[in-house]
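Taking it in order: structure first as structure tokens, then the write-up.
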Amino acid sequence: MLVMDGANALPGLLSQIVLSSGVPSSSVVSLQKFLIESCQSCALNKNGCQASAVILSSMEKAGETAFPLSKRWEFAGKELFKAFLGMENDDDEEPTSLPSSLCRLRDVVISMMKGVLVNEAQGGDNDGLNIQISIGPSSTGRRMRSYSIGASEESFTTLEPYPEDMLQAILKALSSSKTSPLLLSKHVVQLVLVRNSWANGVFPKLSRKSRNDVVSALLALRTRGNDELAGSALHGLPLKSPDFIQLLEGVDASKSEMDQAAIVFITDCVRGKLEVLGGSTDISKLSSKLFDQLLSLSSVENSSATSEGGDSGGRDYTRVSILQTLFTIHSHYKSQLSKPLAINDGRSKHGSAVKRKRTRSHSDAGSDPKMASQANLLVGLVGGNTSVIHPLNSGRGRALSLSLLTCLCEESPSAVVTSLLPALMSLAGASPTTSHGDTKTPERKVDMKSLADALVAIVPAYCTHAPLANLSLFSLLESFVGKIIVPNCETNEKWRATLLDHLVDSLKLLPTKNSSSDAIASLAACVMALQAFNIQKPKTATHDADSDMSDTTDHNSETRLDVRVLANTTSGVKIAVSLSLLQYAEKLMSYICGLSAFSAGESSFGNMKVGMSEVAALALRGGSTGEERSTPSSVAAYSELSEAQQRSILYLATNLLQSVRDTLSTPASRRIVRKSKGDDADLCLRLWNELMQTHTSTLRAQHAKLADGHHMNSTEKKFWDAAPIATGDCLDSLQNLLPVPHFLASVSSILTDDDEDTTSYIHKKKIIKLLADRVAEVSYDSPEASLFLEMVPDLVAQVNIDQSTAADGEDSVSSIRRTIVMKQGALIAIESFVRSLYPLAENGKLAANAAAVFLPALASVTKLLDNTASSWIKANGNDGSEVASGVVDAQCQLLSSSSLCVSTLVTTLKARCLPQLPTIIKPLVTSLKSVNALLEDWNDQAASTGQLLQLSILKTLQAIAETMPQFLLPYLPLVFSDNALPSRSLRQGYEQGDHSIRTAVVQVETALATKVQVRQLIPALSQALSRNLRSEDSVNWQEACSIINVMNIAVESSQRSDLSPIIGKIFNGLVMAYGYEGDDTSRPKMLLNANKCLLSLVMKLSEAQLRPLYARLREWRGDIEDETEGGSIRRYAFWSLSAELSKSLRSIFLPCLTSVLTDVIDELEIAVSLLCQRTKKADGSKRRRVEETDGSVEDMDRMKSLQPLLLCLESALKADAHEGGDWTRGDDNQRYNMILNHLGKLLLAQVPKEIPLLSDLTPKEQASTSAYQQLVQGVGTLEHGNVVGCLTALAAAAGNEQLWKPLNFAVLEACGHKRSEVRKAGISCLLFIIETIGEEYMVLLPECLPVISELLEDDEEIAAMAKDCVRQGEELLGESLEDSLR
């Protein structure tokens, strides 16, 4: 039966024995007592522990009715537990292992302490469901498995009341020694205290003292015994604020690290029980208790007393834990801990801030001092009072302190806010009682990171709640700014600037945008005011007392800390800050002019903006000193102030205006205003209105001061000079930034103003410039484009102003200049309008609308161009005698501006400008000719006024040529006429601007040459070239070169088919250029340009067309025997162009050279006959030798063509050598022999120094180089033609040993000549030939070695070239020639 029922058999049997219906109740009690005491007796016998444990466990399962828990504890559990407590090892003994039966008995006894009652027996046929399946110990040693389905929790209850002796047993177990073999404390915690049934069913019903004893014991076990399970049990207990308060009263964290650990654990528990801490009163008391512990830990006195033992960071960790807990409490229970307000939200029915009052209950009345002390403690933790409070080391701790301080300020502003200022001052390193005149640097080093964090936390809280404590923003700024940042002391400038940056950052965090902007503006104004007060102090001898009033003074960081304030302001509030500063300035200007005064009642209480009276008081009296606070008081009238005080007020007003100007000039402000909408746009309009009023008032006050003749000192004069400029700059900046509709409306009102005084002129000039700048940012397809187009007629009206109606005298000149300046501004604006508003696509409605606006503008500008050109040309023709020089210069500038405007309009409107083309080109070209003539004999004044006009006209001509080239035919003769586009003044060098002018000329010439049809352009160019070259004026060759250059560009850019009909025209023009009889300077330049043009033409022709053209050139050259000057010039030109063609065409030119080969030989014969003298030998032999002559050539003109001939021949021979040398070896080598015969003779020639030669030598080098060296040896003439180069090319073209032998003989003959220059030419020629031909020429080396051997002993230069020949030979042969040279 027992086996079949399993684990429930014994509990069921015991229940049936006790609860049998036949047993009387008195017998039941006796039976219960007997059975329980029997278990006790059995257990006390060491061999009966297992049986007692089984019976006691079965009694528990039998149910509370059969065996009540109280009786089981009274008759067995209590005594058994006492016995367990007595079982302790000595400290020196090792813990002994316990039998499992004793451990099981221990667990059964300890389980009784849970106080859980089993209402029904676990087994039998009961109504409550209780099924239990157990598998006993396996023979294999595997664990027993147990599965159970029990009744609901409602069947379990706890023992009430909880027995005192049971509670004491728990306490004794918790305090028992760790050496107890039964580990009672561990198992009591594990089996009792950690269970939810005990924690939720028993613990809450204990007395407060009992609960505290249990909690304290668990805390000690956790902190001193390092028992994690005890900590878990403590976390699981339903503790509330009073329980934690009792715990905190039992520890003193300042005495030991154990207590610090206890504090940390308590705070962890508090955060875990945050939702169930209790009522607000208990929570407030718990907060105070935590603050007391924090103060005890943070006190410098306590810290010093315990510093001997050292602190490994535990103190800081404990404080951070307390702070985290406090912050969690005050954040979670903010609404419960906050004091109720007497009114809803502290704002009046109009929305303005008003002073708020709190209803002070009894608890609140006493909490204010406590809250203030707590706030001071928190500020001290971040370094605000190091003499009393030990600051935190960790950044996390400081951040928690500041966050908690913000919470306290929100809970009780009246108590906390008043302590913020002294705390903040102390944190910044300045004593709250430091006088304004104290110039000592703070004694301790300030932690700027801590101060920044403190400012970010404190200042927004202060500004939000200061009105509740009858404080204002002015109190903060006066105390903080007046004592730390601005005083003229020796404090580090970087430190002061950093403090200011942090203060601005904190003001950015105010709850609303308006309050933030007002506060930042107030800060900037107060900084300026205190700086203004500082200038009352005596200056050093080197400092100009009036320099601070200058509008252009570049103030440094020490004198303009307000600039730093505004620089750190976010872009979103810059406009609002500017408006507030402008309002300050306007009030101050009214005060200076005596139109208003500051009342004593004006203050800033209840809002975030400092009153003007307070700002003025700062400028006059500085910040408060000591504990004294400035109170609103009347400020005396400006006239009653001392000179130093007036200076401060003027300085303040100037800085306010300059600050507004500088703020509006920043890119961020520009973006904000332009994109403003809604409230932001309204704010910009308010700023505009304020600026208009301020600027008008300033101008009127300035004129009034000057008109009254009132005596002003230097400071006042500087102020009245700077103030209108500052307000005007502000106005201009904002006009440029306003939204488009408002901006254009303001522009139109100013432009249509008929006032002609100086003020109106300045306004119009500035507004036109702003309009031009503004339209540059508008797209043609934007909605604003149509609004801007409507402004064009207003600009055209400025262009059409008649300047001839002005009065006479100086006023007339001034008026004319003003009118011209206005017209220039309007022209520049029209250009900007055209570039921005004309669509890229020509077709479409947008283009039609824009053209309808700009075509009338073009007509007006063209008319202005024509009239201005006539006036200016007339003035230049009269040498300016009838017109003032200033007016002439202004007209020249206006002519430049109108030309540029026409250029832009033509580029944009294109063919639509055709009706205006005659009116445009004629005055342009006429003006260009006039300015070119003016600059022929240029001077500084002419160059400065004329170069800009040249550039403008050239740009306009380029625009016309690019947009309407097909309509330029009637105007080409005018464009290329004398002193027009080809003028030399456009190409001569100036000190400035010459490069840009030359570039512009090239662009115009390129546009004409590439855009105008070549069949129209070439005849016009030929006619212009003919006029220039047939002119008696020798300087026209430069214009001729310009025309040829245009012709060259036109030919290069044309197709062959386009050139065929006009080749004759081009040829005729080039022939005239080749026949130009100029000097040695002009002639080569003319030939250079003509050759380029001819080469461009030849490149467009076929070979079949080339030969007839070359034949015509040969025919034009005439007979070789023509000894006239013209004949020499034509021969020189012919061989020059032949050399150019030969160099460029290479082998293609050889057939043409064949046609003139006889001419080549004749030219060489002439050269030989003129440079060499033939005599017979004494022995009558037919052989002849060339001897030197002492005479010079009589006619050097006939020798000019030799050098280009040699260059032509050299290029042709090189090209033939590349092709194999067939042309050179033609006619059975006769061609080669004829050329070699004459070149060999020229090696021995005697060249007179008067012969004209082209070279690359500098004048100094040319003076030390003989004509022979240049013509024969090729020194400096490698690119211009020489005999040695031609011989080298001939040797390369010959290509075989048979032809090389006579050439080598001629060279060796020169090497053995008695003249050293001939020997040098010979050995250099031999060296060139060896280097050019290479290994193939080595067959002739044996013939050369005797001569080379002799030259090795010649002068140094010849010997060096001889050694080079030997070295080349050795390298090519691969063997030494030393033996052969002996």
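Quick note on naming: the chains in the structure tokens go A, B, ... in the order shown, residues restart at 1 in each chain, and ligands are numbered from 1 in order of appearance.
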
Under the rule of at most 12 Å, produce a per-residue listing of segment 1334-1361 of chain A near segment 1274-1294 of chain A: chain, number, name, the closest pair of atoms, and the distance in Å, as a tab-separated table, using only C-alpha atoms.
```
residue	atom	partner	partner_atom	distance
A:Gly1334	CA	A:Ala1292	CA	9.9
A:Glu1336	CA	A:Ala1292	CA	10.6
A:Tyr1337	CA	A:Ala1291	CA	9.7
```

Quick one: residues within 9 Å of segment 741-752 of chain A, only C-alpha atoms counted, chain neighbours fewer than 6 positions away excluded, as a list in words?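 My reading of the contact set: Leu685, Leu734, Gln735, Ser760, His763, Lys764, Ile767, Ile768, Leu771, Glu784, Leu787, Phe788, Met791, Asp794, Leu795 and Gln798 of chain A.
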
Just the selected residues (C-alpha atoms), exported as a compact mmCIF listing (two decimals), in the first residue's frame, please.
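New file result_0.txt:
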```
# COMPACT_ATOMS: atom_id res chain seq x y z
CA LEU A 685 10.00 93.90 -41.99
CA LEU A 734 18.84 94.51 -45.18
CA GLN A 735 17.53 95.94 -48.44
CA SER A 760 19.10 110.82 -52.37
CA HIS A 763 20.69 106.07 -51.66
CA LYS A 764 20.01 105.63 -55.36
CA ILE A 767 20.16 100.68 -54.16
CA ILE A 768 21.05 100.18 -57.83
CA LEU A 771 19.51 95.54 -57.18
CA GLU A 784 10.35 86.40 -58.89
CA LEU A 787 8.79 91.09 -60.64
CA PHE A 788 12.37 91.96 -61.48
CA MET A 791 12.10 97.12 -62.66
CA ASP A 794 13.05 102.30 -63.85
CA LEU A 795 16.66 101.53 -64.70
CA GLN A 798 18.14 106.44 -65.06
```

Best match for closeness to Leu837 of chain A among A:Gln246, A:Ser779, A:Ser197, A:Thr157, counting only C-alpha atoms: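 Result for the nearest residue to Leu837 of chain A: A:Ser779.
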
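Closest approach to Arg1056 of chain A among A:Ser403, A:Ser1042, A:Ser1096, A:Thr819: A:Ser1096, based on only C-alpha atoms.
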
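For the residues A:Ala852, A:Cys269, A:Ile820, A:Glu831, ranking by smallest atom-to-atom distance to Asp889 of chain A using only C-alpha atoms places A:Ile820 first.
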
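Using only C-alpha atoms, the shortest contact distance between Leu1150 of chain A and any of A:Leu219, A:Val54, A:Ala1217, A:Val887 is found at A:Ala1217.
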
To one decimal place in Å, what is the distance between atom CA of Glu1357 of chain A and atom CA of Leu1171 of chain A?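 A separation of 25.4 Å between them.
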
So that I can check the surroundings of Pro667 of chain A, please list as a ChimeraX atom specification every protein, DNA and RNA residue that reaches within 12 Å of it, counting only C-alpha atoms and ignoring chain neighbours fewer than 2 positions away. /A:567,571,574,662-665,669-674,733,737

Counting only C-alpha atoms, the option among A:Ser642, A:Ala726, A:Gly594, A:Ser506 closest to Leu656 of chain A: A:Ala726
